[in-house]
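Listing of structure-v2.pdb; format and content: PDB, C-alpha atoms and all ligand atoms.
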ATOM      1  CA  MET N   1     102.222 125.239 101.346
ATOM      2  CA  SER N   2      98.953 124.811  99.440
ATOM      3  CA  GLU N   3      97.845 121.372  98.331
ATOM      4  CA  ASN N   4      98.528 122.501  94.789
ATOM      5  CA  ASN N   5     102.257 122.704  95.000
ATOM      6  CA  ARG N   6     102.939 119.881  97.409
ATOM      7  CA  ILE N   7     105.239 117.115  96.262
ATOM      8  CA  ALA N   8     104.459 113.478  97.063
ATOM      9  CA  LEU N   9     106.354 110.308  96.296
ATOM     10  CA  GLY N  10     104.253 107.693  94.467
ATOM     11  CA  ILE N  11     105.252 104.026  94.573
ATOM     12  CA  ASP N  12     103.599 101.302  92.496
ATOM     13  CA  ILE N  13     104.220  97.716  93.643
ATOM     14  CA  GLY N  14     103.133  95.083  91.133
ATOM     15  CA  GLY N  15     103.820  91.414  90.550
ATOM     16  CA  THR N  16     106.563  92.016  87.973
ATOM     17  CA  LYS N  17     107.892  95.483  88.712
ATOM     18  CA  ILE N  18     108.114  98.202  91.303
ATOM     19  CA  SER N  19     108.236 101.781  90.064
ATOM     20  CA  MET N  20     108.378 105.086  91.872
ATOM     21  CA  ALA N  21     108.618 108.802  91.181
ATOM     22  CA  CYS N  22     107.838 112.182  92.701
ATOM     23  CA  VAL N  23     104.606 113.906  91.673
ATOM     24  CA  GLN N  24     103.554 117.563  91.857
ATOM     25  CA  ASN N  25     100.250 118.987  90.546
ATOM     26  CA  GLY N  26      99.419 115.589  88.999
ATOM     27  CA  GLU N  27     102.638 115.371  87.031
ATOM     28  CA  ILE N  28     105.775 113.330  87.468
ATOM     29  CA  ILE N  29     108.651 115.709  88.206
ATOM     30  CA  SER N  30     111.492 113.259  88.916
ATOM     31  CA  GLN N  31     113.095 110.345  87.141
ATOM     32  CA  ILE N  32     111.033 107.157  87.386
ATOM     33  CA  LEU N  33     112.923 104.459  89.264
ATOM     34  CA  THR N  34     111.978 100.943  88.129
ATOM     35  CA  TYR N  35     112.987  97.607  89.641
ATOM     36  CA  ASN N  36     112.036  93.984  89.030
ATOM     37  CA  THR N  37     109.855  92.851  91.923
ATOM     38  CA  PRO N  38     112.044  90.814  94.307
ATOM     39  CA  LYS N  39     111.006  87.219  95.020
ATOM     40  CA  SER N  40     110.740  87.752  98.782
ATOM     41  CA  ALA N  41     108.704  90.108 100.941
ATOM     42  CA  LYS N  42     111.881  91.294 102.661
ATOM     43  CA  GLY N  43     113.430  92.023  99.264
ATOM     44  CA  ILE N  44     110.428  94.186  98.349
ATOM     45  CA  LEU N  45     110.771  96.176 101.555
ATOM     46  CA  GLU N  46     114.503  96.743 100.940
ATOM     47  CA  THR N  47     113.908  97.810  97.334
ATOM     48  CA  VAL N  48     111.181 100.259  98.349
ATOM     49  CA  LEU N  49     113.334 101.738 101.138
ATOM     50  CA  ASN N  50     116.359 102.146  98.836
ATOM     51  CA  GLY N  51     114.365 103.835  96.065
ATOM     52  CA  THR N  52     112.594 106.058  98.581
ATOM     53  CA  GLU N  53     115.906 107.148 100.047
ATOM     54  CA  ALA N  54     117.167 108.316  96.641
ATOM     55  CA  LEU N  55     114.020 110.320  95.833
ATOM     56  CA  VAL N  56     113.413 111.703  99.321
ATOM     57  CA  SER N  57     116.901 113.168  99.553
ATOM     58  CA  GLU N  58     116.528 114.935  96.218
ATOM     59  CA  PHE N  59     112.870 116.089  96.260
ATOM     60  CA  ALA N  60     111.834 116.155  99.937
ATOM     61  CA  PRO N  61     108.221 114.998  99.363
ATOM     62  CA  THR N  62     105.715 115.945 102.076
ATOM     63  CA  SER N  63     103.962 112.553 101.875
ATOM     64  CA  ILE N  64     104.210 109.118 100.269
ATOM     65  CA  GLY N  65     101.486 107.069  98.538
ATOM     66  CA  ILE N  66     101.899 103.400  97.732
ATOM     67  CA  ALA N  67      99.752 101.666  95.113
ATOM     68  CA  THR N  68      99.872  97.931  95.660
ATOM     69  CA  ALA N  69      98.338  94.748  94.335
ATOM     70  CA  GLY N  70      95.920  93.215  96.851
ATOM     71  CA  ALA N  71      93.135  94.734  98.931
ATOM     72  CA  VAL N  72      94.146  97.492 101.361
ATOM     73  CA  ASN N  73      92.252  98.160 104.607
ATOM     74  CA  ARG N  74      89.853 101.078 104.881
ATOM     75  CA  GLU N  75      92.338 103.100 106.937
ATOM     76  CA  ASN N  76      94.924 102.840 104.093
ATOM     77  CA  THR N  77      97.516 101.468 106.494
ATOM     78  CA  LYS N  78      98.062  97.865 105.399
ATOM     79  CA  VAL N  79      97.436  95.175 102.820
ATOM     80  CA  ILE N  80      94.653  92.881 104.023
ATOM     81  CA  SER N  81      94.890  90.225 101.360
ATOM     82  CA  SER N  82      97.908  89.340  99.280
ATOM     83  CA  THR N  83      97.554  88.570  95.603
ATOM     84  CA  GLY N  84      98.907  85.441  93.967
ATOM     85  CA  ASN N  85     101.679  87.221  92.089
ATOM     86  CA  LEU N  86     103.342  88.814  95.133
ATOM     87  CA  PRO N  87     105.501  86.661  97.430
ATOM     88  CA  ASN N  88     104.224  84.966 100.589
ATOM     89  CA  GLY N  89     104.512  87.192 103.626
ATOM     90  CA  TYR N  90     104.042  90.401 101.614
ATOM     91  CA  SER N  91     100.945  91.381 103.598
ATOM     92  CA  ASP N  92     102.922  90.916 106.844
ATOM     93  CA  ILE N  93     105.563  93.541 106.085
ATOM     94  CA  ASN N  94     104.450  96.894 107.424
ATOM     95  CA  LEU N  95     105.496  99.225 104.614
ATOM     96  CA  LYS N  96     103.809 102.287 106.102
ATOM     97  CA  GLU N  97     105.449 101.875 109.501
ATOM     98  CA  GLU N  98     108.904 101.096 108.084
ATOM     99  CA  ILE N  99     108.853 104.090 105.730
ATOM    100  CA  GLU N 100     107.499 106.508 108.324
ATOM    101  CA  LYS N 101     110.108 105.342 110.834
ATOM    102  CA  LYS N 102     113.003 105.744 108.432
ATOM    103  CA  PHE N 103     112.003 108.926 106.569
ATOM    104  CA  ASN N 104     109.616 110.638 108.994
ATOM    105  CA  THR N 105     107.177 111.167 106.111
ATOM    106  CA  LYS N 106     103.448 110.351 106.318
ATOM    107  CA  THR N 107     102.590 107.354 104.159
ATOM    108  CA  LEU N 108      99.431 105.632 102.932
ATOM    109  CA  LEU N 109      98.666 102.496 100.953
ATOM    110  CA  GLU N 110      95.967 102.056  98.313
ATOM    111  CA  ASN N 111      94.945  99.215  96.046
ATOM    112  CA  ASP N 112      96.638  99.698  92.647
ATOM    113  CA  ALA N 113      93.408  99.630  90.598
ATOM    114  CA  ASN N 114      91.876 102.217  92.950
ATOM    115  CA  ALA N 115      94.966 104.413  92.602
ATOM    116  CA  ALA N 116      94.828 104.137  88.797
ATOM    117  CA  ALA N 117      91.130 105.084  88.837
ATOM    118  CA  TYR N 118      91.928 108.097  90.993
ATOM    119  CA  ALA N 119      94.617 109.222  88.527
ATOM    120  CA  GLU N 120      92.215 108.918  85.577
ATOM    121  CA  PHE N 121      89.653 110.956  87.560
ATOM    122  CA  LYS N 122      92.078 113.687  88.644
ATOM    123  CA  VAL N 123      94.317 114.114  85.603
ATOM    124  CA  GLY N 124      93.435 111.452  83.010
ATOM    125  CA  ALA N 125      90.667 110.511  80.584
ATOM    126  CA  ALA N 126      87.864 111.105  83.117
ATOM    127  CA  LYS N 127      89.166 114.415  84.462
ATOM    128  CA  GLY N 128      86.361 116.447  85.982
ATOM    129  CA  GLN N 129      83.785 113.632  85.878
ATOM    130  CA  MET N 130      82.414 113.063  89.368
ATOM    131  CA  ASN N 131      81.144 109.544  88.635
ATOM    132  CA  THR N 132      83.557 107.367  86.728
ATOM    133  CA  ILE N 133      84.975 103.850  86.811
ATOM    134  CA  THR N 134      88.377 102.642  85.627
ATOM    135  CA  ILE N 135      88.753  99.000  84.646
ATOM    136  CA  THR N 136      92.172  97.414  84.203
ATOM    137  CA  LEU N 137      92.042  94.639  81.640
ATOM    138  CA  GLY N 138      95.302  92.754  82.021
ATOM    139  CA  THR N 139      96.310  89.324  83.285
ATOM    140  CA  GLY N 140      93.347  89.831  85.633
ATOM    141  CA  VAL N 141      90.551  92.397  85.780
ATOM    142  CA  GLY N 142      90.749  95.163  88.387
ATOM    143  CA  GLY N 143      88.585  98.156  89.054
ATOM    144  CA  GLY N 144      88.350 101.465  90.854
ATOM    145  CA  ILE N 145      85.067 103.337  91.258
ATOM    146  CA  ILE N 146      84.614 107.064  91.826
ATOM    147  CA  VAL N 147      81.188 108.006  93.213
ATOM    148  CA  ASP N 148      80.398 111.713  93.602
ATOM    149  CA  GLY N 149      84.106 112.551  93.416
ATOM    150  CA  LYS N 150      85.220 110.019  96.032
ATOM    151  CA  LEU N 151      86.906 106.664  95.719
ATOM    152  CA  LEU N 152      84.436 103.955  96.764
ATOM    153  CA  ARG N 153      86.187 101.934  99.458
ATOM    154  CA  GLY N 154      83.477  99.802 101.109
ATOM    155  CA  LYS N 155      83.241  98.684 104.742
ATOM    156  CA  SER N 156      86.691  97.062 104.765
ATOM    157  CA  GLY N 157      88.467  98.771 101.864
ATOM    158  CA  ALA N 158      87.888  95.927  99.412
ATOM    159  CA  ALA N 159      85.207  97.573  97.232
ATOM    160  CA  ALA N 160      85.392  97.660  93.430
ATOM    161  CA  GLU N 161      86.638  94.095  92.984
ATOM    162  CA  VAL N 162      84.654  94.123  89.786
ATOM    163  CA  GLY N 163      86.597  91.203  88.307
ATOM    164  CA  HIS N 164      84.564  88.883  90.481
ATOM    165  CA  ILE N 165      81.103  89.674  89.174
ATOM    166  CA  PRO N 166      79.775  86.229  88.226
ATOM    167  CA  LEU N 167      78.597  85.825  84.637
ATOM    168  CA  SER N 168      77.013  82.374  84.774
ATOM    169  CA  TRP N 169      75.774  79.572  87.015
ATOM    170  CA  GLU N 170      77.360  76.840  84.950
ATOM    171  CA  LYS N 171      80.705  76.402  86.743
ATOM    172  CA  LYS N 172      82.572  76.257  83.467
ATOM    173  CA  ARG N 173      85.721  78.109  84.377
ATOM    174  CA  GLN N 174      87.285  78.580  87.792
ATOM    175  CA  CYS N 175      88.540  82.026  88.772
ATOM    176  CA  THR N 176      91.740  82.946  90.631
ATOM    177  CA  CYS N 177      89.489  83.877  93.623
ATOM    178  CA  GLY N 178      88.276  80.283  93.955
ATOM    179  CA  ASP N 179      84.741  80.926  92.677
ATOM    180  CA  TRP N 180      83.482  80.102  89.190
ATOM    181  CA  ASP N 181      82.759  82.057  86.012
ATOM    182  CA  CYS N 182      83.804  85.463  87.320
ATOM    183  CA  TRP N 183      84.109  88.316  84.812
ATOM    184  CA  GLU N 184      87.905  88.168  85.189
ATOM    185  CA  ALA N 185      87.992  84.519  84.074
ATOM    186  CA  TYR N 186      86.632  85.622  80.667
ATOM    187  CA  ALA N 187      87.477  89.299  80.130
ATOM    188  CA  SER N 188      91.154  89.165  81.165
ATOM    189  CA  GLY N 189      94.049  88.381  78.831
ATOM    190  CA  THR N 190      94.256  84.973  80.475
ATOM    191  CA  GLY N 191      90.542  84.425  79.812
ATOM    192  CA  TYR N 192      90.957  85.501  76.181
ATOM    193  CA  ALA N 193      93.496  82.745  75.532
ATOM    194  CA  ILE N 194      91.372  80.115  77.317
ATOM    195  CA  THR N 195      88.334  81.047  75.210
ATOM    196  CA  ALA N 196      90.482  80.750  72.068
ATOM    197  CA  ARG N 197      91.710  77.267  73.059
ATOM    198  CA  GLU N 198      88.206  76.076  73.970
ATOM    199  CA  MET N 199      86.673  77.342  70.747
ATOM    200  CA  ALA N 200      89.501  76.055  68.557
ATOM    201  CA  SER N 201      89.429  72.572  70.060
ATOM    202  CA  LYS N 202      85.761  72.233  69.116
ATOM    203  CA  ILE N 203      86.491  72.705  65.414
ATOM    204  CA  PRO N 204      87.333  69.381  63.681
ATOM    205  CA  LEU N 205      90.781  69.422  62.075
ATOM    206  CA  GLU N 206      89.485  69.459  58.489
ATOM    207  CA  TYR N 207      87.404  72.564  59.144
ATOM    208  CA  ARG N 208      90.140  74.609  60.755
ATOM    209  CA  SER N 209      91.222  77.766  58.948
ATOM    210  CA  GLU N 210      94.637  78.020  57.273
ATOM    211  CA  PHE N 211      95.764  80.131  60.182
ATOM    212  CA  LEU N 212      94.780  77.496  62.757
ATOM    213  CA  LYS N 213      95.908  74.391  60.872
ATOM    214  CA  ASP N 214      99.567  74.591  61.834
ATOM    215  CA  LYS N 215      98.926  75.776  65.397
ATOM    216  CA  ASN N 216      98.825  73.691  68.581
ATOM    217  CA  VAL N 217      95.335  74.726  69.694
ATOM    218  CA  ASP N 218      96.073  73.881  73.335
ATOM    219  CA  LYS N 219      98.770  76.522  73.371
ATOM    220  CA  LEU N 220      97.057  79.387  71.542
ATOM    221  CA  THR N 221      97.934  82.789  72.974
ATOM    222  CA  THR N 222      96.261  86.188  72.845
ATOM    223  CA  HIS N 223      99.011  87.328  70.492
ATOM    224  CA  ASP N 224      98.334  84.417  68.095
ATOM    225  CA  ILE N 225      94.734  85.520  67.836
ATOM    226  CA  ILE N 226      95.564  89.205  67.406
ATOM    227  CA  SER N 227      98.004  88.393  64.601
ATOM    228  CA  GLY N 228      95.322  86.149  63.038
ATOM    229  CA  ILE N 229      92.863  89.056  63.091
ATOM    230  CA  LYS N 230      95.401  91.209  61.270
ATOM    231  CA  GLN N 231      95.522  88.527  58.551
ATOM    232  CA  GLY N 232      91.715  88.571  58.347
ATOM    233  CA  ASP N 233      91.267  85.062  59.794
ATOM    234  CA  GLU N 234      87.565  84.503  60.512
ATOM    235  CA  PHE N 235      88.078  82.191  63.449
ATOM    236  CA  CYS N 236      90.286  84.773  65.193
ATOM    237  CA  ILE N 237      87.721  87.485  64.528
ATOM    238  CA  LYS N 238      85.072  85.244  66.163
ATOM    239  CA  ILE N 239      87.247  84.779  69.256
ATOM    240  CA  HIS N 240      87.683  88.519  69.528
ATOM    241  CA  GLU N 241      83.926  89.066  69.206
ATOM    242  CA  ALA N 242      83.311  86.469  71.934
ATOM    243  CA  TRP N 243      85.794  88.256  74.200
ATOM    244  CA  LEU N 244      84.116  91.606  73.522
ATOM    245  CA  GLU N 245      80.781  90.044  74.523
ATOM    246  CA  PHE N 246      82.303  89.020  77.852
ATOM    247  CA  VAL N 247      83.792  92.487  78.337
ATOM    248  CA  LEU N 248      80.376  93.990  77.540
ATOM    249  CA  MET N 249      78.588  91.861  80.142
ATOM    250  CA  GLY N 250      80.594  93.463  82.942
ATOM    251  CA  LEU N 251      80.335  96.954  81.447
ATOM    252  CA  ILE N 252      76.537  96.674  81.214
ATOM    253  CA  SER N 253      76.349  95.622  84.897
ATOM    254  CA  LEU N 254      78.572  98.512  85.982
ATOM    255  CA  THR N 255      76.644 101.041  83.889
ATOM    256  CA  ASN N 256      73.329  99.983  85.392
ATOM    257  CA  VAL N 257      74.592  99.844  88.969
ATOM    258  CA  PHE N 258      76.667 103.032  89.075
ATOM    259  CA  ASP N 259      75.251 105.251  86.293
ATOM    260  CA  PRO N 260      78.754 106.656  85.620
ATOM    261  CA  GLU N 261      79.655 109.401  83.171
ATOM    262  CA  SER N 262      82.417 107.195  81.826
ATOM    263  CA  ILE N 263      84.133 103.846  82.156
ATOM    264  CA  VAL N 264      87.846 104.125  81.396
ATOM    265  CA  LEU N 265      89.626 101.008  80.157
ATOM    266  CA  SER N 266      93.321 100.534  80.861
ATOM    267  CA  GLY N 267      95.753  97.616  80.964
ATOM    268  CA  GLY N 268      97.407  95.522  78.268
ATOM    269  CA  MET N 269      94.149  94.228  76.749
ATOM    270  CA  ALA N 270      92.615  97.695  76.297
ATOM    271  CA  LYS N 271      94.823  98.286  73.270
ATOM    272  CA  PHE N 272      92.927  95.574  71.375
ATOM    273  CA  ILE N 273      89.648  97.441  71.716
ATOM    274  CA  ASP N 274      87.947  99.530  69.037
ATOM    275  CA  PHE N 275      86.336 102.118  71.315
ATOM    276  CA  ASP N 276      83.823 103.451  68.749
ATOM    277  CA  ASP N 277      82.576  99.943  68.074
ATOM    278  CA  LEU N 278      82.411  99.027  71.771
ATOM    279  CA  ASN N 279      80.495 102.230  72.585
ATOM    280  CA  LYS N 280      77.937 101.426  69.869
ATOM    281  CA  LYS N 281      77.520  97.890  71.197
ATOM    282  CA  LEU N 282      77.153  99.106  74.780
ATOM    283  CA  ASP N 283      74.615 101.801  73.826
ATOM    284  CA  LYS N 284      72.412  99.147  72.242
ATOM    285  CA  ARG N 285      72.451  97.053  75.413
ATOM    286  CA  CYS N 286      72.018  99.768  78.041
ATOM    287  CA  ASN N 287      68.350 100.719  78.105
ATOM    288  CA  ILE N 288      68.097 102.457  81.451
ATOM    289  CA  THR N 289      71.107 104.752  81.435
ATOM    290  CA  LYS N 290      74.106 105.188  79.175
ATOM    291  CA  THR N 291      77.794 105.814  79.667
ATOM    292  CA  ARG N 292      80.876 106.398  77.561
ATOM    293  CA  ILE N 293      83.751 103.940  77.314
ATOM    294  CA  MET N 294      87.095 105.717  77.083
ATOM    295  CA  ASN N 295      90.725 104.795  76.599
ATOM    296  CA  ALA N 296      92.896 105.452  79.653
ATOM    297  CA  SER N 297      95.250 108.402  79.386
ATOM    298  CA  ALA N 298      97.165 108.455  82.680
ATOM    299  CA  GLY N 299      99.038 105.491  81.210
ATOM    300  CA  ASN N 300     101.562 103.172  82.806
ATOM    301  CA  ASN N 301     102.251 105.627  85.596
ATOM    302  CA  ALA N 302      98.634 105.928  86.750
ATOM    303  CA  GLY N 303      99.391 103.925  89.917
ATOM    304  CA  ILE N 304     102.261 106.260  90.893
ATOM    305  CA  ILE N 305     100.283 109.425  90.137
ATOM    306  CA  GLY N 306      97.053 108.241  91.795
ATOM    307  CA  ALA N 307      98.773 107.059  94.988
ATOM    308  CA  ALA N 308     100.796 110.284  95.246
ATOM    309  CA  MET N 309      97.710 112.465  94.747
ATOM    310  CA  LEU N 310      95.745 110.495  97.354
ATOM    311  CA  ALA N 311      98.602 110.989  99.812
ATOM    312  CA  ILE N 312      98.731 114.739  99.136
ATOM    313  CA  GLU N 313      94.995 115.047  99.736
ATOM    314  CA  LYS N 314      94.835 112.887 102.826
ATOM    315  CA  PHE N 315      97.777 114.525 104.572
ATOM    316  CA  SER N 316      96.785 118.079 103.627
ATOM    317  CA  GLU N 317      93.573 117.725 105.620
ATOM    318  CA  SER N 318      95.258 117.871 108.975
TER     319      SER N 318
HETATM  320 ZN    ZN N 401      86.688  85.554  90.945
END
Could you render the structure from this file as structure tokens?
Amino acid sequence: MSENNRIALGIDIGGTKISMACVQNGEIISQILTYNTPKSAKGILETVLNGTEALVSEFAPTSIGIATAGAVNRENTKVISSTGNLPNGYSDINLKEEIEKKFNTKTLLENDANAAAYAEFKVGAAKGQMNTITITLGTGVGGGIIVDGKLLRGKSGAAAEVGHIPLSWEKKRQCTCGDWDCWEAYASGTGYAITAREMASKIPLEYRSEFLKDKNVDKLTTHDIISGIKQGDEFCIKIHEAWLEFVLMGLISLTNVFDPESIVLSGGMAKFIDFDDLNKKLDKRCNITKTRIMNASAGNNAGIIGAAMLAIEKFSES
């Protein structure tokens, strides 16, 4: 069977949910099974095996691709570092081995941001662009980088951890990685809310806007600020501009280092971006080479699609 018509099962394992579906020619052809992520590593394994069983018996995929949080080794066989939002022991369960043993189907693992980037490159916003980067702006900041049509994996498989580009020497804000002032600490949804709280607490009570006056500034959320912007509140607009500046700092670095045709933005925070405005701002700041910032189009299922397509390609080679 040619690579074109092969069916693969794609599985996306995240901190809050696990979803899976069968993919053919870059499109989902089965129902999408979705589960809440179990609280234990063993529970995750059981959930993945049960879902796989249902889809394998109906669609007989020729391979399986798993997109997972955490860095995956260069051989795509196991998770080498677990992320904070998956349970302890997750990196010790051998998903590939367990699945291959039970279903006799070749399986690979890939970091979820890498898988999403691959989906945007193959079938999404950056389709046909040989040099493109996808950034996930969510609770954290993830990235996947395509160089000359190939996913950049690095010496150990941990490349494209773009969220940990440092922005300052000042040690103002600690990052989830343990270092200080990483891009993620400012450009993520979590960072957005922290910036809002810091900026609000510096404004004396009598100078706070109507919108802010009745709010507990220590508990401001991203959604508070977004609703403030909709009401035209100037303070909220300033917060948003500050956040965009932080987002820009990382985008400028990536543009200058990788000279990509596009940088695709996905994740929950991307929907708060005015892409025309951001492109204008980026153009003004990139003096060596330029790129285009685009909205993701492979959507919520990018992890499933990307992992499945990587599996089809890898296991068609032999
Ligand atoms: Zn960091």
Around the point (71.0, 101.8, 79.0), in the coordinates given by the file, pick out the residues reaching within 12 Å, counting only C-alpha atoms, and return them as a short mmCIF file (atom, residue, chain, number, x, y, z; two decimals) with C-alpha atoms, keeping the file's coordinate frame.
data_model
loop_
_atom_site.label_atom_id
_atom_site.label_comp_id
_atom_site.auth_asym_id
_atom_site.auth_seq_id
_atom_site.Cartn_x
_atom_site.Cartn_y
_atom_site.Cartn_z
CA LEU N 251 80.33 96.95 81.45
CA ILE N 252 76.54 96.67 81.21
CA SER N 253 76.35 95.62 84.90
CA LEU N 254 78.57 98.51 85.98
CA THR N 255 76.64 101.04 83.89
CA ASN N 256 73.33 99.98 85.39
CA VAL N 257 74.59 99.84 88.97
CA PHE N 258 76.67 103.03 89.08
CA ASP N 259 75.25 105.25 86.29
CA PRO N 260 78.75 106.66 85.62
CA ASN N 279 80.50 102.23 72.58
CA LYS N 280 77.94 101.43 69.87
CA LYS N 281 77.52 97.89 71.20
CA LEU N 282 77.15 99.11 74.78
CA ASP N 283 74.61 101.80 73.83
CA LYS N 284 72.41 99.15 72.24
CA ARG N 285 72.45 97.05 75.41
CA CYS N 286 72.02 99.77 78.04
CA ASN N 287 68.35 100.72 78.10
CA ILE N 288 68.10 102.46 81.45
CA THR N 289 71.11 104.75 81.44
CA LYS N 290 74.11 105.19 79.18
CA THR N 291 77.79 105.81 79.67
CA ARG N 292 80.88 106.40 77.56
#
- Within 10 Å of Thr16 in chain N using all atoms listed in the file, minus same-chain residues under 6 positions, as a list of chain:residue names: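 Here the answer would be N:Tyr35, N:Asn36, N:Thr37, N:Pro38, N:Lys39, N:Asn85, N:Leu86.
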- Sel. within 9 Å of pt (84.5, 94.5, 90.7), counting only C-alpha atoms, output as a ChimeraX atom specification: /N:135,141-145,159-165,183,250,254
Each residue of chain N lying at most 6 Å from ligand ZN 401 (chain N) should get a row with its shortest atom-to-atom pair and the distance in Å to one decimal, counting only C-alpha atoms and all ligand atoms; could you produce that, ordered by chain and increasing number, as CSV?
residue,atom,partner,partner_atom,distance
N:His164,CA,N:ZN401,ZN,4.0
N:Cys175,CA,N:ZN401,ZN,4.5
N:Thr176,CA,N:ZN401,ZN,5.7
N:Cys177,CA,N:ZN401,ZN,4.2
N:Asp179,CA,N:ZN401,ZN,5.3
N:Cys182,CA,N:ZN401,ZN,4.6
Contacts of Ser316 in chain N within 12 Å, all atoms listed in the file, excl. fewer than 3 positions in-chain, as an mmCIF file with C-alpha atoms, in the frame of the given file:
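File out12.cif, as written:
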data_model
loop_
_atom_site.group_PDB
_atom_site.id
_atom_site.type_symbol
_atom_site.label_atom_id
_atom_site.label_comp_id
_atom_site.auth_asym_id
_atom_site.auth_seq_id
_atom_site.Cartn_x
_atom_site.Cartn_y
_atom_site.Cartn_z
ATOM 1 C CA MET N 1 102.222 125.239 101.346
ATOM 2 C CA SER N 2 98.953 124.811 99.440
ATOM 3 C CA GLU N 3 97.845 121.372 98.331
ATOM 4 C CA ASN N 4 98.528 122.501 94.789
ATOM 5 C CA ASN N 5 102.257 122.704 95.000
ATOM 6 C CA ARG N 6 102.939 119.881 97.409
ATOM 7 C CA ILE N 7 105.239 117.115 96.262
ATOM 8 C CA ALA N 8 104.459 113.478 97.063
ATOM 9 C CA THR N 62 105.715 115.945 102.076
ATOM 10 C CA SER N 63 103.962 112.553 101.875
ATOM 11 C CA LYS N 106 103.448 110.351 106.318
ATOM 12 C CA MET N 309 97.710 112.465 94.747
ATOM 13 C CA LEU N 310 95.745 110.495 97.354
ATOM 14 C CA ALA N 311 98.602 110.989 99.812
ATOM 15 C CA ILE N 312 98.731 114.739 99.136
ATOM 16 C CA GLU N 313 94.995 115.047 99.736
#
